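K.L.:
Okay, here's the structure, questions in a sec.
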Amino acid sequence: MRTDDKLYRLGLVLIGGVGAYFLLRSVVRDNAQNNAFASTNINAQVAARLLAAMNPSGFDWLFGVDGTDEAAVFAASQVATSYAQVAAYYRQMTRGRVLGNDLRAELNDTDFQRIQQLFSRKP
């Protein structure tokens with residue numbers, strides 16, 4: 001077998017492996033979000049809705065560029081009963097991301113202050 005053929009096959013294997021990794025990771029993340037939506041815990045549902053609003057593509061590497069649905073962020077935030085619980089579920093769903101940091105990065109100053117005021121009324 002020629003060296004070119006070996007490199008070509010190695011490239012295909014690497015691309016396939018990386019693709020499989022991202023697909024599996026997406027499935028695991030979708031499962032976590034679906035479990036939150038199916039949960040009867042309103043704060044788990046809010047965390048899933050916030051994540052969906054800030055990262056509609058579902059891919060971590062597109063988090064900062066795929067846009068944020070600010071209306072969905074506010075709608076979800078209004079029904080939360082505990083910021084601490086929402087933040088904990090969000091951290092669990094995103095494998096360690098901090099809700100406050102993500103809200104700060106995704107919203108403009110005025111919207112971020114409104115969200116802070118909404119959540120400051122909740123324990």
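All residue names refer to the structure tokens as shown: chains lettered A, B, ... in order, residues numbered from 1 in each chain, ligands numbered from 1 in order.
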Which neighbours of Phe63 (chain A) fall inside 8 Å, counting only C-alpha atoms, when residues of the same chain fewer than 6 positions from it are skipped, and could you give them as a PDB file with N, CA and C atoms, in the first residue's frame?
P.N.:
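That gives us part.pdb:
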```
ATOM      1  N   MET A  54     -29.816  30.681  24.546  1.00  0.00           N
ATOM      2  CA  MET A  54     -28.488  31.260  24.354  1.00  0.00           C
ATOM      3  C   MET A  54     -27.623  30.468  23.386  1.00  0.00           C
ATOM      4  N   ASN A  55     -27.972  29.213  23.162  1.00  0.00           N
ATOM      5  CA  ASN A  55     -27.179  28.358  22.276  1.00  0.00           C
ATOM      6  C   ASN A  55     -28.117  27.492  21.441  1.00  0.00           C
ATOM      7  N   SER A  57     -28.071  26.334  18.476  1.00  0.00           N
ATOM      8  CA  SER A  57     -27.497  25.264  17.655  1.00  0.00           C
ATOM      9  C   SER A  57     -27.226  24.015  18.482  1.00  0.00           C
TER      10      SER A  57
END
```
K.L.:
Using Å and a single decimal, report how far CA of Phe112 (chain A) sits from CA of Leu51 (chain A).
P.N.:
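CA of Phe112 (chain A) lies 15.5 Å from CA of Leu51 (chain A).
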K.L.:
Please identify all polymer residues within 10 Å of region 74-90 of chain A, counting only C-alpha atoms, omitting same-chain residues fewer than 3 positions from it, and present them as a PyMOL selection string.
P.N.:
chain A and resi 32-33+36+41-51+53+69-71+93-100+111+114-116+118-123
K.L.:
Tell me, in Å to one decimal, how far CA of Leu14 (chain A) is from CA of Gln92 (chain A).
P.N.:
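These two atoms are separated by 29.3 Å.
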K.L.:
So what do you get for CA of Leu12 (chain A) versus CA of Pro56 (chain A), distance-wise?
P.N.:
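Separating CA of Leu12 (chain A) from CA of Pro56 (chain A) is a distance of 29.2 Å.
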K.L.:
For the structure I just gave you, how does DSSP split region 12-122 of chain A - specifically, which residues are helix (DSSP H, G or I)? Reply as an NGL selection string.
P.N.:
:A and (12-38 or 42-54 or 60-62 or 70-79 or 83-93 or 99-106 or 109-120)
